[in-house]
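Enquirer: Take a look at the following structure, please.
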Amino acid sequence: MNEASILVVDDNPDHLELTVLALGECCDPARIATASDGVEALDYLFARGAWSQRGTDAQPRLVILDMKLVRMHGLDVLKAIRQDPRTASLPVVMHSSSTERNDIAACYANGANSYVRKATDYDELRRKMRQVYEFWMTVNERSTTPGT
């Protein structure tokens, strides 16, 4: 498989599947990688465990990360992404159902690039994922210098 352009991380299989389906309307689904928890996401990004054969030179262009993951909290995943030079500049969109101001503030304080509230129906999810995709994958100019 070609390197993924987007990594979607969510421990709810239904949310994960629907998010991938919605993104698949914008881009080739084969370019979307998934992780069912934060540990698996970091294994993917840092080429550990089942992903040890994957090179870390070509990182995804975007991570869509659920905040309230069970095995490893999304904020801890975000912190690990920001602390490693290979992923420090990787755009991370937090995707959560939380409306708590403290949760949103914590995401931004720990380096999230964006916070998108989870949709209440599939049409809304499709709209939000199209907007996320359009901005981060087509509008946003990404750095070509590693670690910046």
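Residue numbers start at 1 in each chain; chains themselves are named A, B, ... in the order of the structure tokens; ligands are numbered from 1 in the order shown.
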Can you pull out every residue within 10 Å of range 66-82 of chain A, counting only C-alpha atoms, but drop anything in the same chain fewer than 2 positions away, and send it as a ChimeraX atom specification?
Expert: /A:8-12,15-16,36-42,45-46,63-64,84-98,103-104,106-112,115-118,147
Enquirer: Once DSSP has gone over the backbone, tell me which residues of range 31-75 of chain A are in strand (DSSP E), as a VMD selection string.
Expert: chain A and resid 32 to 35 62 to 66
Enquirer: If you measure from CA of Tyr133 in chain A to CA of Ala4 in chain A, what distance in Å do you get, rounded to one decimal?
Expert: 13.6 Å
Enquirer: What is the CA of Glu124 in chain A to CA of Leu7 in chain A distance in Å?
Expert: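 The value is 20.3 Å.
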Enquirer: Let me make sure I understand: among A:Thr99, A:Ser5, A:Thr19, A:Gln83, which one has the smallest atom-to-atom distance to Gln59 in chain A if we use only C-alpha atoms?
Expert: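 Closest residue, counting only C-alpha atoms: A:Ser5.
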Enquirer: Enumerate, in order of chain and increasing residue number, the residues of range 43-108 of chain A with an atom no farther than 10 Å from range 31-35 of chain A, each with its shortest atom pair and distance in Å to one decimal, counting only C-alpha atoms, as a tab-separated table.
Expert:
residue	atom	partner	partner_atom	distance
A:Asp43	CA	A:Ala35	CA	9.2
A:Tyr44	CA	A:Ala35	CA	8.0
A:Pro60	CA	A:Ala33	CA	8.6
A:Leu62	CA	A:Ile32	CA	9.8
A:Val63	CA	A:Ala33	CA	9.5
A:Ile64	CA	A:Thr34	CA	9.5
A:Leu65	CA	A:Ala35	CA	9.4
Enquirer: Need to verify the contact set: Ala22 in chain A, 9 Å, only C-alpha atoms, exclusion of same-chain residues closer than 6 positions in sequence. Can you return it as a compact mmCIF listing (two decimals) with N, CA and C atoms, in the first residue's frame?
Expert:
# COMPACT_ATOMS: atom_id res chain seq x y z
N TYR A 122 -24.96 11.42 9.98
CA TYR A 122 -23.99 11.15 8.93
C TYR A 122 -23.84 12.30 7.94
N ASP A 123 -24.91 12.99 7.61
CA ASP A 123 -24.80 14.12 6.69
C ASP A 123 -23.89 15.21 7.27
N LEU A 125 -21.54 14.68 9.50
CA LEU A 125 -20.19 14.12 9.50
C LEU A 125 -19.55 14.28 8.12
N ARG A 126 -20.29 13.95 7.07
CA ARG A 126 -19.79 14.09 5.71
C ARG A 126 -19.38 15.54 5.43
N ARG A 127 -20.21 16.49 5.84
CA ARG A 127 -19.91 17.90 5.62
C ARG A 127 -18.64 18.31 6.37
N LYS A 128 -18.56 17.92 7.64
CA LYS A 128 -17.40 18.28 8.45
C LYS A 128 -16.12 17.65 7.92
N MET A 129 -16.17 16.38 7.56
CA MET A 129 -14.97 15.70 7.05
C MET A 129 -14.55 16.27 5.70
N ARG A 130 -15.49 16.67 4.87
CA ARG A 130 -15.14 17.31 3.60
C ARG A 130 -14.43 18.63 3.88
Enquirer: How far is it from CA of Arg61 in chain A to CA of Arg142 in chain A, in Å with one decimal?
Expert: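 CA of Arg142 in chain A lies 8.3 Å from CA of Arg61 in chain A.
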Enquirer: So which bits of range 8-92 of chain A end up alpha helix (DSSP H) when you DSSP the backbone, as a ChimeraX atom specification?
Expert: /A:13-24,38-45,74-83
